[in-house]
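Asks: Handing you this structure, nothing more for now.
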Number of protein chains: 4
Amino acid sequence: MAREDFKFFHDFRVRYSEIDGQGVVFNAHYLTYFDVAITEYFRDLNFDYSQYPEKTGADFHLVKSLVNYERPLLFDTEFQVGCRTQKIGNSSIVFVLEIFDKDQSERYASGEIIWVNTNQTTHKTERVGDEIRDLLVGFEGTGIIQ
Amino acid sequence: MAREDFKFFHDFRVRYSEIDGQGVVFNAHYLTYFDVAITEYFRDLNFDYSQYPEKTGADFHLVKSLVNYERPLLFDTEFQVGCRTQKIGNSSIVFVLEIFDKDQSERYASGEIIWVNTNQTTHKTERVGDEIRDLLVGFEGTGIIQ
Amino acid sequence: MAREDFKFFHDFRVRYSEIDGQGVVFNAHYLTYFDVAITEYFRDLNFDYSQYPEKTGADFHLVKSLVNYERPLLFDTEFQVGCRTQKIGNSSIVFVLEIFDKDQSERYASGEIIWVNTNQTTHKTERVGDEIRDLLVGFEGTGIIQ
Amino acid sequence: MAREDFKFFHDFRVRYSEIDGQGVVFNAHYLTYFDVAITEYFRDLNFDYSQYPEKTGADFHLVKSLVNYERPLLFDTEFQVGCRTQKIGNSSIVFVLEIFDKDQSERYASGEIIWVNTNQTTHKTERVGDEIRDLLVGFEGTGIIQ
């Protein structure tokens with residue numbers, strides 16, 4: 001992956017509350033950045049996630065998170081998180097996220113988040129609905145269909 | 001207030017994720033410690049808070065927090081949070097919280113949390129129910145009734 | 001205080017990681033918002049806080065936080081935090097902070113943060129330096145001098 | 001991996017501040033639990049991590065985190081995090097962590113944390129020192145040497 005592979009970025013600045021005793025962002029906060037980036041990615045696509053459970057009877061659960069920490073992120077640093085959908089399987093969506101500096105010339109971290117679509121009544125996995133499927137394919141291209 | 005004024009303490013140890021770039025606990029986390037201490041205080045009193053909204057149609061909302069930071073809390077420090085009910089008003093409960101070292105010989109911080117009992121339907125404040133009132137007076141004494 | 005009393009506001013949006021089981025922002029995170037707002041307030045004044053300890057041999061310690069929670073802040077809400085210096089004493093600075101909705105027509109919370117200037121060698125309180133004093137008086141007016 | 005594979009567990013209880021709007025622990029906090037568990041694992045081994053940078057001129061950096069979320073963790077749940085060293089390479093240590101319920105009969109999550117030993121002057125990776133190597137091999141067995 002390189003920055004050219006992302007069509008969506010969200011801007012952040014490191015908060016003082018996020019750095020630890022070594023003066024760098026504590027590892028857990030990268031997942032919060034990823035979470036915000038995915039929220040903003042769907043906002044950018046005009047997808048109203050809040051309606052999803054009611055409309056479909058299903059909801060997404062996060063089943064996997066992966067972060068590769070490449071360079072330390074320091075207090076007050078402005079950075080961008082790139083988010084893209086890498087794959088849509090039958091019931092899962094795989095997001096790839098990467099953290100770049102403001103000018104996107106250096107990468108701080110990369111990672112992956114996997115969601116599984118789960119029926120709220122049966123608690124079983126369920127095919128990802130067509131609305132979100134079409135939206136993601138429309139934005140990222142047909143290459144993401146697994 | 002001194003440590004003798006507390007009948008309840010809960011033990012903690014500072015997590016690495018809680019310290020900031022100055023190597024001391026970031027100010028916001030004191031409120032998390034207070035929150036955990038109040039939860040454990042009610043557990044100690046055998047009060048099942050999770051049943052309260054259903055039983056009474058009301059719930060408590062936190063309306064005020066106050067922290068006086070006296071000494072820095074460092075990574076890995078073992079400490080105790082003392083919790084007591086200072087006052088029960090008609091619809092409010094005032095908790096006093098203090099953070100001591102493990103041996104209770106030094107104080108790191110003191111503070112106050114105020115809860116207001118709110119009817120979940122009308123969203124108006126409502127008299128604190130008798131069950132919790134009796135429990136707190138039984139533990140702390142009649143001096144807490146305002 | 002009203003929104004007219006603030007010359008500085010910083011924009012936020014509630015992160016999913018900040019809400020709790022009641023679907024509202026957990027109380028401790030308000031202090032993180034206040035902390036970010038004060039950082040941005042000094043950035044707006046072109047004050048380079050990171051140089052302060054080296055230049056003066058002193059540093060500020062947060063000695064008091066106060067939050068009054070007025071209305072619940074929900075997930076995804078856009079809000080603004082107003083920050084102003086209310087008073088400069090000999091060694092202390094009192095900040096007043098208020099949280100408004102995006103249009104500044106409703107207030108969610110108000111609070112206060114007090115910093116004390118402390119000599120890094122003697123660990124004693126010390127007069128707030130002239131550079132920061134002049135900057136704050138220049139921005140807020142002479143009324144803040146205590 | 002199964003619970004029998006762990007010689008070390010650390011006890012936790014879910015804090016209210018850690019759950020999100022779905023009433024379950026927010027995904028990022030699992031990394032905080034892992035971090036605390038590794039700290040306690042080294043304490044159990046009587047390894048004084050705080051001395052490591054000074055003694056060796058090197059320090060460990062977290063380069064990878066992985067979490068598989070299997071069952072939701074609810075507010076107030078008592079749980080245990082098992083920690084073991086899976087491998088020591090030349091400059092890296094791989095920890096495996098799993099989250100079980102209090103009775104260790106159900107698993108909530110599993111994951112991996114990788115540390116790399118880095119020279120603090122050259123910022124290059126460096127062989128993990130013998131003291132920590134011997135300690136981990138003594139506890140986990142020679143099978144962890146890669």
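FYI, nothing fancy with the structure tokens labels: chains A, B, ... in order, residues from 1 per chain, ligands from 1 as they appear.
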If we count only C-alpha atoms and set the cut-off at 10 Å, which residues sit around B:Ser91, ignoring sequence neighbours fewer than 2 positions away in its own chain? Please answer as a ChimeraX atom specification.

Replies: /B:60,88-89,93,115-118,124-129

Asks: What are the closest atom pairs, with distances in Å to one decimal, for all residues of chain C lying within 6 Å of chain D? Consider only C-alpha atoms, order rows by chain and residue number, and present the result as JSON lines.

Replies:
{"residue": "C:Ile19", "atom": "CA", "partner": "D:Asp20", "partner_atom": "CA", "distance": 5.5}
{"residue": "C:Asp20", "atom": "CA", "partner": "D:Asp20", "partner_atom": "CA", "distance": 4.5}
{"residue": "C:Gly21", "atom": "CA", "partner": "D:Gly23", "partner_atom": "CA", "distance": 4.7}
{"residue": "C:Gly23", "atom": "CA", "partner": "D:Gly21", "partner_atom": "CA", "distance": 4.7}

Asks: Rotate and translate chain D onto chain C via least squares on all in-order Cα pairs, then write the result as a short mmCIF file (atom, residue, chain, number, x, y, z; two decimals) with N, CA and C atoms, in the first residue's frame.

Replies:
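Writing the result to out.cif gives the following:
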data_model
loop_
_atom_site.label_atom_id
_atom_site.label_comp_id
_atom_site.auth_asym_id
_atom_site.auth_seq_id
_atom_site.Cartn_x
_atom_site.Cartn_y
_atom_site.Cartn_z
N MET D 1 -21.33 33.67 32.72
CA MET D 1 -20.65 33.54 31.42
C MET D 1 -21.66 33.24 30.31
N ALA D 2 -21.43 33.78 29.18
CA ALA D 2 -22.23 33.44 28.00
C ALA D 2 -21.25 33.33 26.84
N ARG D 3 -21.74 32.89 25.70
CA ARG D 3 -20.81 32.68 24.59
C ARG D 3 -20.11 33.97 24.16
N GLU D 4 -20.77 35.11 24.40
CA GLU D 4 -20.16 36.40 24.03
C GLU D 4 -18.87 36.66 24.83
N ASP D 5 -18.71 35.99 25.96
CA ASP D 5 -17.54 36.23 26.80
C ASP D 5 -16.28 35.54 26.29
N PHE D 6 -16.42 34.73 25.27
CA PHE D 6 -15.27 33.99 24.76
C PHE D 6 -14.80 34.55 23.42
N LYS D 7 -13.52 34.78 23.33
CA LYS D 7 -12.93 35.20 22.05
C LYS D 7 -12.30 34.03 21.32
N PHE D 8 -12.27 32.88 21.96
CA PHE D 8 -11.65 31.73 21.33
C PHE D 8 -12.52 30.49 21.50
N PHE D 9 -12.71 29.79 20.41
CA PHE D 9 -13.43 28.51 20.41
C PHE D 9 -12.64 27.48 19.62
N HIS D 10 -12.74 26.25 20.01
CA HIS D 10 -12.14 25.17 19.21
C HIS D 10 -13.22 24.14 18.91
N ASP D 11 -13.20 23.65 17.66
CA ASP D 11 -14.23 22.70 17.19
C ASP D 11 -13.86 21.25 17.48
N PHE D 12 -14.86 20.48 17.81
CA PHE D 12 -14.71 19.05 18.10
C PHE D 12 -15.90 18.29 17.51
N ARG D 13 -15.74 16.98 17.42
CA ARG D 13 -16.88 16.10 17.17
C ARG D 13 -16.71 14.91 18.11
N VAL D 14 -17.77 14.47 18.74
CA VAL D 14 -17.69 13.37 19.70
C VAL D 14 -17.27 12.07 19.00
N ARG D 15 -16.21 11.45 19.51
CA ARG D 15 -15.72 10.17 19.00
C ARG D 15 -16.50 9.01 19.64
N TYR D 16 -16.65 7.95 18.89
CA TYR D 16 -17.38 6.79 19.42
C TYR D 16 -16.70 6.24 20.67
N SER D 17 -15.39 6.31 20.71
CA SER D 17 -14.64 5.80 21.87
C SER D 17 -14.92 6.61 23.13
N GLU D 18 -15.52 7.77 22.98
CA GLU D 18 -15.74 8.66 24.13
C GLU D 18 -17.09 8.47 24.80
N ILE D 19 -18.00 7.74 24.15
CA ILE D 19 -19.31 7.56 24.77
C ILE D 19 -19.34 6.28 25.60
N ASP D 20 -20.23 6.28 26.57
CA ASP D 20 -20.30 5.15 27.49
C ASP D 20 -21.59 4.35 27.26
N GLY D 21 -21.89 3.48 28.17
CA GLY D 21 -23.03 2.58 28.01
C GLY D 21 -24.39 3.29 28.00
N GLN D 22 -24.43 4.54 28.46
CA GLN D 22 -25.67 5.32 28.38
C GLN D 22 -25.73 6.09 27.05
N GLY D 23 -24.72 5.91 26.20
CA GLY D 23 -24.73 6.57 24.89
C GLY D 23 -24.31 8.03 24.94
N VAL D 24 -23.77 8.46 26.07
CA VAL D 24 -23.34 9.86 26.20
C VAL D 24 -21.84 9.91 26.54
N VAL D 25 -21.23 11.05 26.30
CA VAL D 25 -19.79 11.16 26.58
C VAL D 25 -19.52 10.89 28.07
N PHE D 26 -18.59 10.00 28.34
CA PHE D 26 -18.20 9.68 29.72
C PHE D 26 -17.58 10.93 30.37
N ASN D 27 -17.91 11.14 31.63
CA ASN D 27 -17.55 12.40 32.30
C ASN D 27 -16.08 12.80 32.23
N ALA D 28 -15.17 11.83 32.27
CA ALA D 28 -13.74 12.15 32.28
C ALA D 28 -13.27 12.81 30.98
N HIS D 29 -13.93 12.48 29.87
CA HIS D 29 -13.46 13.00 28.58
C HIS D 29 -13.65 14.51 28.45
N TYR D 30 -14.54 15.09 29.23
CA TYR D 30 -14.69 16.55 29.21
C TYR D 30 -13.36 17.22 29.56
N LEU D 31 -12.62 16.61 30.47
CA LEU D 31 -11.32 17.18 30.83
C LEU D 31 -10.32 17.08 29.69
N THR D 32 -10.44 16.04 28.87
CA THR D 32 -9.60 15.94 27.68
C THR D 32 -9.97 17.06 26.69
N TYR D 33 -11.26 17.30 26.53
CA TYR D 33 -11.68 18.39 25.65
C TYR D 33 -11.12 19.73 26.16
N PHE D 34 -11.21 19.94 27.46
CA PHE D 34 -10.69 21.19 28.04
C PHE D 34 -9.19 21.30 27.77
N ASP D 35 -8.48 20.20 27.93
CA ASP D 35 -7.03 20.21 27.73
C ASP D 35 -6.68 20.56 26.29
N VAL D 36 -7.38 19.96 25.34
CA VAL D 36 -7.15 20.28 23.92
C VAL D 36 -7.47 21.76 23.66
N ALA D 37 -8.57 22.24 24.24
CA ALA D 37 -8.97 23.63 24.00
C ALA D 37 -7.92 24.61 24.52
N ILE D 38 -7.33 24.32 25.68
CA ILE D 38 -6.29 25.21 26.22
C ILE D 38 -5.05 25.18 25.33
N THR D 39 -4.67 23.99 24.84
CA THR D 39 -3.55 23.87 23.90
C THR D 39 -3.79 24.74 22.66
N GLU D 40 -5.00 24.65 22.12
CA GLU D 40 -5.31 25.40 20.90
C GLU D 40 -5.43 26.91 21.17
N TYR D 41 -5.87 27.25 22.36
CA TYR D 41 -5.95 28.67 22.78
C TYR D 41 -4.54 29.28 22.77
N PHE D 42 -3.58 28.56 23.33
CA PHE D 42 -2.20 29.08 23.32
C PHE D 42 -1.61 29.08 21.90
N ARG D 43 -1.99 28.09 21.10
CA ARG D 43 -1.51 28.10 19.71
C ARG D 43 -2.04 29.34 19.00
N ASP D 44 -3.32 29.64 19.24
CA ASP D 44 -3.95 30.80 18.62
C ASP D 44 -3.25 32.10 19.03
N LEU D 45 -2.73 32.12 20.25
CA LEU D 45 -2.00 33.30 20.76
C LEU D 45 -0.53 33.29 20.32
N ASN D 46 -0.16 32.31 19.52
CA ASN D 46 1.24 32.15 19.08
C ASN D 46 2.21 31.98 20.25
N PHE D 47 1.73 31.37 21.31
CA PHE D 47 2.61 31.10 22.45
C PHE D 47 3.15 29.68 22.32
N ASP D 48 4.45 29.55 22.29
CA ASP D 48 5.05 28.22 22.14
C ASP D 48 5.30 27.62 23.53
N TYR D 49 4.28 26.91 23.99
CA TYR D 49 4.34 26.33 25.33
C TYR D 49 5.54 25.40 25.51
N SER D 50 5.91 24.71 24.44
CA SER D 50 6.97 23.70 24.55
C SER D 50 8.31 24.31 24.97
N GLN D 51 8.46 25.62 24.72
CA GLN D 51 9.70 26.30 25.09
C GLN D 51 9.69 26.81 26.53
N TYR D 52 8.50 26.85 27.13
CA TYR D 52 8.34 27.53 28.41
C TYR D 52 9.23 26.98 29.53
N PRO D 53 9.26 25.67 29.74
CA PRO D 53 10.10 25.15 30.83
C PRO D 53 11.57 25.50 30.67
N GLU D 54 12.06 25.38 29.43
CA GLU D 54 13.48 25.67 29.21
C GLU D 54 13.80 27.14 29.41
N LYS D 55 12.92 27.99 28.89
CA LYS D 55 13.14 29.44 28.96
C LYS D 55 13.07 29.98 30.38
N THR D 56 12.15 29.42 31.18
CA THR D 56 11.87 30.03 32.48
C THR D 56 12.33 29.20 33.67
N GLY D 57 12.65 27.93 33.43
CA GLY D 57 12.98 27.07 34.55
C GLY D 57 11.77 26.66 35.37
N ALA D 58 10.61 27.07 34.89
CA ALA D 58 9.36 26.73 35.59
C ALA D 58 8.43 25.98 34.64
N ASP D 59 7.40 25.39 35.18
CA ASP D 59 6.39 24.73 34.35
C ASP D 59 5.05 24.86 35.07
N PHE D 60 3.96 24.75 34.31
CA PHE D 60 2.64 24.85 34.91
C PHE D 60 2.16 23.46 35.33
N HIS D 61 1.57 23.40 36.51
CA HIS D 61 0.90 22.17 36.94
C HIS D 61 -0.58 22.45 37.13
N LEU D 62 -1.38 21.53 36.67
CA LEU D 62 -2.82 21.64 36.85
C LEU D 62 -3.14 21.29 38.30
N VAL D 63 -3.76 22.20 39.01
CA VAL D 63 -4.07 21.94 40.43
C VAL D 63 -5.55 21.77 40.72
N LYS D 64 -6.39 22.20 39.77
CA LYS D 64 -7.83 22.05 40.01
C LYS D 64 -8.58 21.89 38.70
N SER D 65 -9.54 20.99 38.69
CA SER D 65 -10.47 20.90 37.55
C SER D 65 -11.88 20.85 38.10
N LEU D 66 -12.77 21.52 37.41
CA LEU D 66 -14.18 21.55 37.81
C LEU D 66 -15.01 21.45 36.54
N VAL D 67 -16.00 20.58 36.54
CA VAL D 67 -16.92 20.49 35.41
C VAL D 67 -18.35 20.47 35.93
N ASN D 68 -19.19 21.32 35.35
CA ASN D 68 -20.64 21.24 35.56
C ASN D 68 -21.26 20.69 34.28
N TYR D 69 -21.88 19.52 34.42
CA TYR D 69 -22.46 18.83 33.27
C TYR D 69 -23.93 19.25 33.15
N GLU D 70 -24.29 19.90 32.06
CA GLU D 70 -25.64 20.46 31.96
C GLU D 70 -26.57 19.66 31.06
N ARG D 71 -26.07 19.24 29.90
CA ARG D 71 -26.87 18.43 28.97
C ARG D 71 -25.98 17.31 28.46
N PRO D 72 -26.55 16.15 28.17
CA PRO D 72 -25.71 15.05 27.68
C PRO D 72 -25.16 15.34 26.27
N LEU D 73 -23.93 14.96 26.06
CA LEU D 73 -23.28 15.07 24.74
C LEU D 73 -23.35 13.69 24.08
N LEU D 74 -23.97 13.62 22.93
CA LEU D 74 -24.17 12.33 22.25
C LEU D 74 -23.11 12.05 21.20
N PHE D 75 -22.99 10.79 20.82
CA PHE D 75 -22.07 10.38 19.76
C PHE D 75 -22.26 11.23 18.51
N ASP D 76 -21.13 11.63 17.93
CA ASP D 76 -21.09 12.29 16.63
C ASP D 76 -21.47 13.76 16.68
N THR D 77 -21.86 14.25 17.84
CA THR D 77 -22.24 15.65 17.97
C THR D 77 -21.06 16.57 17.69
N GLU D 78 -21.28 17.57 16.87
CA GLU D 78 -20.27 18.61 16.66
C GLU D 78 -20.45 19.65 17.75
N PHE D 79 -19.36 20.03 18.37
CA PHE D 79 -19.47 21.02 19.45
C PHE D 79 -18.25 21.93 19.46
N GLN D 80 -18.36 23.00 20.23
CA GLN D 80 -17.27 23.96 20.35
C GLN D 80 -16.94 24.16 21.81
N VAL D 81 -15.67 24.25 22.11
CA VAL D 81 -15.27 24.57 23.47
C VAL D 81 -14.70 25.99 23.47
N GLY D 82 -15.34 26.85 24.24
CA GLY D 82 -14.84 28.20 24.43
C GLY D 82 -13.84 28.20 25.58
N CYS D 83 -12.75 28.92 25.40
CA CYS D 83 -11.71 29.00 26.44
C CYS D 83 -11.36 30.46 26.67
N ARG D 84 -11.29 30.85 27.92
CA ARG D 84 -10.78 32.18 28.22
C ARG D 84 -10.01 32.16 29.53
N THR D 85 -9.08 33.09 29.65
CA THR D 85 -8.38 33.26 30.92
C THR D 85 -9.23 34.17 31.77
N GLN D 86 -9.59 33.69 32.96
CA GLN D 86 -10.44 34.51 33.82
C GLN D 86 -9.60 35.38 34.75
N LYS D 87 -8.50 34.81 35.22
CA LYS D 87 -7.67 35.54 36.18
C LYS D 87 -6.22 35.10 36.05
N ILE D 88 -5.32 36.05 36.22
CA ILE D 88 -3.92 35.70 36.47
C ILE D 88 -3.59 36.21 37.85
N GLY D 89 -3.25 35.30 38.73
CA GLY D 89 -2.80 35.70 40.05
C GLY D 89 -1.29 35.81 40.03
N ASN D 90 -0.67 35.79 41.18
CA ASN D 90 0.79 35.86 41.21
C ASN D 90 1.39 34.65 40.51
N SER D 91 1.01 33.45 40.96
CA SER D 91 1.60 32.24 40.38
C SER D 91 0.58 31.36 39.67
N SER D 92 -0.67 31.79 39.59
CA SER D 92 -1.69 30.92 39.01
C SER D 92 -2.41 31.56 37.82
N ILE D 93 -2.96 30.70 36.99
CA ILE D 93 -3.83 31.14 35.89
C ILE D 93 -5.13 30.35 36.01
N VAL D 94 -6.25 31.06 35.96
CA VAL D 94 -7.56 30.42 36.01
C VAL D 94 -8.19 30.50 34.62
N PHE D 95 -8.47 29.32 34.04
CA PHE D 95 -9.16 29.26 32.75
C PHE D 95 -10.62 28.90 32.97
N VAL D 96 -11.51 29.55 32.24
CA VAL D 96 -12.91 29.15 32.22
C VAL D 96 -13.18 28.52 30.87
N LEU D 97 -13.87 27.38 30.89
CA LEU D 97 -14.18 26.67 29.65
C LEU D 97 -15.66 26.36 29.61
N GLU D 98 -16.24 26.49 28.43
CA GLU D 98 -17.65 26.12 28.28
C GLU D 98 -17.82 25.37 26.97
N ILE D 99 -18.72 24.40 27.00
CA ILE D 99 -18.98 23.59 25.82
C ILE D 99 -20.35 23.97 25.25
N PHE D 100 -20.33 24.38 23.99
CA PHE D 100 -21.55 24.78 23.31
C PHE D 100 -21.79 23.85 22.11
N ASP D 101 -23.02 23.86 21.62
CA ASP D 101 -23.26 23.15 20.36
C ASP D 101 -22.62 23.97 19.23
N LYS D 102 -22.65 23.40 18.04
CA LYS D 102 -21.99 23.97 16.87
C LYS D 102 -22.44 25.40 16.60
N ASP D 103 -23.73 25.65 16.82
CA ASP D 103 -24.29 26.98 16.54
C ASP D 103 -24.21 27.88 17.76
N GLN D 104 -23.62 27.37 18.82
CA GLN D 104 -23.47 28.15 20.06
C GLN D 104 -24.81 28.62 20.63
N SER D 105 -25.87 27.87 20.37
CA SER D 105 -27.16 28.28 20.92
C SER D 105 -27.49 27.53 22.22
N GLU D 106 -26.85 26.39 22.44
CA GLU D 106 -27.09 25.65 23.68
C GLU D 106 -25.75 25.33 24.34
N ARG D 107 -25.79 25.27 25.67
CA ARG D 107 -24.58 24.96 26.40
C ARG D 107 -24.68 23.55 26.98
N TYR D 108 -23.63 22.76 26.80
CA TYR D 108 -23.59 21.40 27.33
C TYR D 108 -22.93 21.33 28.71
N ALA D 109 -21.94 22.17 28.91
CA ALA D 109 -21.18 22.08 30.16
C ALA D 109 -20.35 23.34 30.36
N SER D 110 -19.95 23.54 31.59
CA SER D 110 -19.03 24.64 31.88
C SER D 110 -18.04 24.15 32.92
N GLY D 111 -16.91 24.83 32.99
CA GLY D 111 -15.93 24.35 33.96
C GLY D 111 -14.78 25.31 34.14
N GLU D 112 -13.83 24.87 34.93
CA GLU D 112 -12.70 25.70 35.31
C GLU D 112 -11.46 24.83 35.45
N ILE D 113 -10.35 25.36 35.00
CA ILE D 113 -9.06 24.67 35.15
C ILE D 113 -8.10 25.68 35.77
N ILE D 114 -7.40 25.29 36.81
CA ILE D 114 -6.41 26.19 37.41
C ILE D 114 -5.01 25.58 37.27
N TRP D 115 -4.11 26.42 36.77
CA TRP D 115 -2.70 26.04 36.65
C TRP D 115 -1.88 26.83 37.67
N VAL D 116 -0.85 26.20 38.19
CA VAL D 116 0.08 26.92 39.05
C VAL D 116 1.48 26.80 38.47
N ASN D 117 2.15 27.92 38.41
CA ASN D 117 3.50 27.99 37.87
C ASN D 117 4.49 27.55 38.95
N THR D 118 5.31 26.54 38.62
CA THR D 118 6.16 25.93 39.63
C THR D 118 7.60 25.89 39.16
N ASN D 119 8.49 26.35 39.99
CA ASN D 119 9.91 26.28 39.68
C ASN D 119 10.33 24.82 39.62
N GLN D 120 10.99 24.46 38.53
CA GLN D 120 11.32 23.05 38.30
C GLN D 120 12.45 22.55 39.21
N THR D 121 13.21 23.47 39.78
CA THR D 121 14.31 23.07 40.66
C THR D 121 13.86 23.03 42.12
N THR D 122 13.24 24.12 42.56
CA THR D 122 12.84 24.19 43.98
C THR D 122 11.47 23.55 44.23
N HIS D 123 10.70 23.29 43.15
CA HIS D 123 9.33 22.77 43.27
C HIS D 123 8.41 23.71 44.05
N LYS D 124 8.80 24.99 44.12
CA LYS D 124 7.94 25.98 44.77
C LYS D 124 7.19 26.79 43.71
N THR D 125 6.07 27.32 44.11
CA THR D 125 5.32 28.16 43.17
C THR D 125 6.12 29.43 42.90
N GLU D 126 5.90 29.99 41.73
CA GLU D 126 6.72 31.11 41.26
C GLU D 126 5.83 32.05 40.45
N ARG D 127 6.16 33.31 40.44
CA ARG D 127 5.39 34.29 39.68
C ARG D 127 5.32 33.89 38.20
N VAL D 128 4.12 33.98 37.64
CA VAL D 128 3.93 33.72 36.22
C VAL D 128 4.75 34.71 35.42
N GLY D 129 5.53 34.24 34.45
CA GLY D 129 6.44 35.08 33.68
C GLY D 129 5.75 36.18 32.88
N ASP D 130 6.50 37.23 32.56
CA ASP D 130 5.92 38.38 31.88
C ASP D 130 5.48 38.09 30.45
N GLU D 131 6.18 37.22 29.76
CA GLU D 131 5.82 36.97 28.36
C GLU D 131 4.39 36.45 28.26
N ILE D 132 4.08 35.43 29.05
CA ILE D 132 2.76 34.83 28.99
C ILE D 132 1.71 35.78 29.60
N ARG D 133 2.11 36.49 30.64
CA ARG D 133 1.24 37.47 31.29
C ARG D 133 0.81 38.56 30.29
N ASP D 134 1.78 39.10 29.57
CA ASP D 134 1.48 40.16 28.60
C ASP D 134 0.59 39.65 27.47
N LEU D 135 0.87 38.42 27.07
CA LEU D 135 0.12 37.81 25.97
C LEU D 135 -1.34 37.66 26.37
N LEU D 136 -1.58 37.15 27.57
CA LEU D 136 -2.95 36.91 28.02
C LEU D 136 -3.68 38.22 28.28
N VAL D 137 -2.99 39.18 28.89
CA VAL D 137 -3.61 40.49 29.13
C VAL D 137 -3.91 41.18 27.80
N GLY D 138 -3.00 41.05 26.85
CA GLY D 138 -3.22 41.64 25.53
C GLY D 138 -4.45 41.07 24.85
N PHE D 139 -4.69 39.81 25.06
CA PHE D 139 -5.82 39.15 24.40
C PHE D 139 -7.13 39.35 25.17
N GLU D 140 -7.07 39.22 26.49
CA GLU D 140 -8.30 39.20 27.29
C GLU D 140 -8.61 40.56 27.94
N GLY D 141 -7.60 41.40 28.03
CA GLY D 141 -7.83 42.70 28.68
C GLY D 141 -7.26 42.72 30.09
N THR D 142 -7.10 43.93 30.63
CA THR D 142 -6.44 44.08 31.93
C THR D 142 -7.31 43.58 33.09
N GLY D 143 -8.58 43.34 32.81
CA GLY D 143 -9.48 42.88 33.87
C GLY D 143 -9.10 41.52 34.46
N ILE D 144 -8.23 40.79 33.78
CA ILE D 144 -7.89 39.46 34.28
C ILE D 144 -6.80 39.49 35.33
N ILE D 145 -6.13 40.66 35.47
CA ILE D 145 -5.07 40.73 36.49
C ILE D 145 -5.73 40.81 37.86
N GLN D 146 -5.30 39.92 38.71
CA GLN D 146 -5.93 39.86 40.02
C GLN D 146 -5.21 40.77 41.00
#

Asks: As a count of residues only, please: every residue in chain A that DSSP puts in strand (DSSP E).

Replies: 51

Asks: Got a sec to tell me which of stretch 48-141 of chain B DSSP assigns to alpha helix (DSSP H), as a PyMOL selection string?

Replies: chain B and resi 52-56+130-140
